[in-house]
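Presented below is the structure to which this report refers.
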Amino acid sequence: MLSLKNISKHFQNKLVVDDVSFDVQLGEIIVLLGKSGVGKSTILRILTGLESNESGSITFNDLPLPAQSVGMVFQEFNLFPHLTVEENITLPLQKVAGKTEVEAQEIARTLLATYELTAQAHAYPHKLSGGQKQRVAFARTLAMQPKILCCDEPTSALDPMLTSTVAQEINKLAQQGLIIILATHDTELIKQMACTIYLMKHGKIIEATTSEQLMKNPEKYPFIKNFTQGGTSDTTNN
Amino acid sequence: MINFDLLLKYYPLLLAGVVTSLQIAFMSCTIGTIIGTGLGIVLAGKNKVAKLFAQAYVSIIRGTPMLIQIMGTYFILRSFGIPIPALWSAIISIGLNSAAYLSQTILTGITSVGKGQFEAAKALGFSSAQTIRYIVFPQAIRSILPNLESEIVTLIKDSSLASIIGVYELTQQGQIIISQTYDTPSVYFAIGLIYLTLTTTVTILMSLLNKKINYHA
């Protein structure tokens, strides 16, 4: 189990994450929902080690979070433009995970086949569509076999058709036992997943539920209901 | 009038000068690239003390004439009892000078690589050194190469300053030929033409390399 306890973070005297705590079980999908700037991405960045938390603790099965246990799919994908699709996957495998060239290529080819990217294996990222880039980003991250997968606004660069593909993929990964934590304001995405939803505002979690409970009794979660119906957490919180 | 017969007669001296000039240019460029890369990485990094030293080095080198640096290196080393050959003294001083300028080129190259690339590398588990080696430099080289080309061209021309400490590079060999023939126009015409040929060749070669590297951009 992944456990975040009392996590806080300031940026230039502004409190962006305010005493956030939650637990995640293996195979669970967590959605951090909220407008831009409410601290969703910062939580993912703290988990990935790109930012440090000022207070609180992060543990995995009651132990400190092991190195390389968290993978991140970035909003802008951040593929390496000087490397081909296959090299984007094999380079970290060889240089970080210590795989041989042959082992790395084997892993890359399997993942590329899974993500229907075999034909693009030797293409450079600038030749790919948004959806293809995202699949490469997923493949590159998953090749490193993380236990926790963080996705920052995974559908922001995709058309609605591809949103359901992403939702299916995330569901599938969760079924394989991966912990998935998404930061999003895309309410269409959360409708297609069995997930736990945390609505954030001013760095705090202001409401929590599961997608199942939300569907059964939306009135019980006014802030989330309002947000998913196109309003903002601001209007309901006044 | 240009006396071509005279130039043909003295071509071995000119050729020896060309070899020495190229030696100075490429050796000092190598020193400059190695030290300049280190300085550039330090300047792009977060260690404030190291950054301060790097900035001070760059300021001192950029704020003093290269001629003074060449003579200073040669005579200071000699005053400490280090009998360094004039050629190596020139290579070291020009290389150290080049490092200051190249550090700015490297710094610009590193900062031209998006923050997202550093973050992706870190998230995947690359160390800082691996990030520089495998992710940043292959991308930064695109903006570094054009400036590196200018630096090599400058170094070929600046190698003539080594004559001040008695290095027999191209310009110095020209002076020797002039002292023997008194045909200043012919010799300077030939030297100028040789420098132009060398710098144009470097420009063409670097452009080809630049095109090759930018092929996938």
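In the structure tokens, chains take the letters A, B, ... in the order shown, each chain's residues start at 1, and ligands count up from 1 in the order shown.
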
Could you give me, as CSV, every chain A residue with an atom at most 10 Å from chain B, plus its closest atom pair and distance in Å to one decimal, counting only C-alpha atoms, rows ordered by chain then number?
residue,atom,partner,partner_atom,distance
A:Arg45,CA,B:Ala123,CA,9.0
A:Leu47,CA,B:Ala123,CA,9.9
A:Thr48,CA,B:Ala123,CA,6.1
A:Gly49,CA,B:Ala123,CA,7.2
A:Leu50,CA,B:Glu119,CA,6.8
A:Ala67,CA,B:Gly125,CA,8.1
A:Gln68,CA,B:Gly125,CA,6.2
A:Ser69,CA,B:Gly125,CA,9.8
A:Val70,CA,B:Ala123,CA,7.8
A:Gly71,CA,B:Ala123,CA,6.6
A:Met72,CA,B:Ala123,CA,6.4
A:Val73,CA,B:Ala120,CA,8.5
A:Phe74,CA,B:Ala120,CA,7.8
A:Gln75,CA,B:Gly116,CA,9.9
A:Glu76,CA,B:Gly116,CA,8.1
A:Phe77,CA,B:Ala120,CA,8.4
A:Asn78,CA,B:Gly116,CA,5.7
A:Leu79,CA,B:Gln117,CA,7.5
A:Phe80,CA,B:Gln117,CA,6.8
A:Pro81,CA,B:Ala217,CA,7.6
A:His82,CA,B:Gln139,CA,6.4
A:Leu83,CA,B:His216,CA,9.0
A:Thr84,CA,B:His216,CA,9.5
A:Leu91,CA,B:Tyr134,CA,8.4
A:Pro92,CA,B:Leu124,CA,6.6
A:Leu93,CA,B:Leu124,CA,9.1
A:Lys95,CA,B:Phe126,CA,7.4
A:Val96,CA,B:Phe126,CA,6.0
A:Ala97,CA,B:Gly125,CA,8.5
A:Ala123,CA,B:His216,CA,9.6
A:Tyr124,CA,B:His216,CA,7.2
A:Pro125,CA,B:His216,CA,9.6
A:His126,CA,B:Ala217,CA,7.9
A:Lys127,CA,B:His216,CA,9.8
A:Ala137,CA,B:Ala120,CA,9.8
A:Arg140,CA,B:Leu124,CA,8.7
A:Thr141,CA,B:Leu124,CA,7.1
A:Ala143,CA,B:Leu124,CA,9.9
A:Met144,CA,B:Leu124,CA,7.6
A:Pro146,CA,B:Leu124,CA,9.7

Practice item. Write out as an MDAnalysis selection string all residues of range 147-219 of chain A that DSSP puts in strand (DSSP E or B) for this structure's backbone. Key: chainID A and resid 148:152 179:184 196:201 204:210

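Using only C-alpha atoms, the smallest distance between any of A:Ile206, A:Ile179, A:Ser156, A:Tyr221 and Ser36 in chain A comes from A:Ser156.
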
Review point. Any idea what's packed within 12 Å of Leu198 in chain B, counting only C-alpha atoms, ignoring anything in its chain fewer than 6 positions away? Could you give it as JSON, numbers by chain?
Key: {"B": [18, 19, 21, 22, 25, 152, 153, 154, 155, 156, 157, 170, 191, 192, 204, 205]}

Review point. Quick one: of B:Thr33, B:Thr73, B:Leu7, B:Ile91, who's nearest to Ile177 in chain B, counting only C-alpha atoms?
Key: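 Nearest candidate to Ile177 in chain B out of B:Thr33, B:Thr73, B:Leu7, B:Ile91: B:Leu7.
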
Review point. Do you have the CA of Asp183 in chain B-CA of Thr201 in chain B distance handy?
Key: 27.5 Å

Exercise for review: Find the spatial neighbours of Val58 in chain B, counting only C-alpha atoms, within a cut-off of 9 Å - ignore same-chain residues fewer than 2 positions away - and output them as a count of residues only.
Suggested key: 15
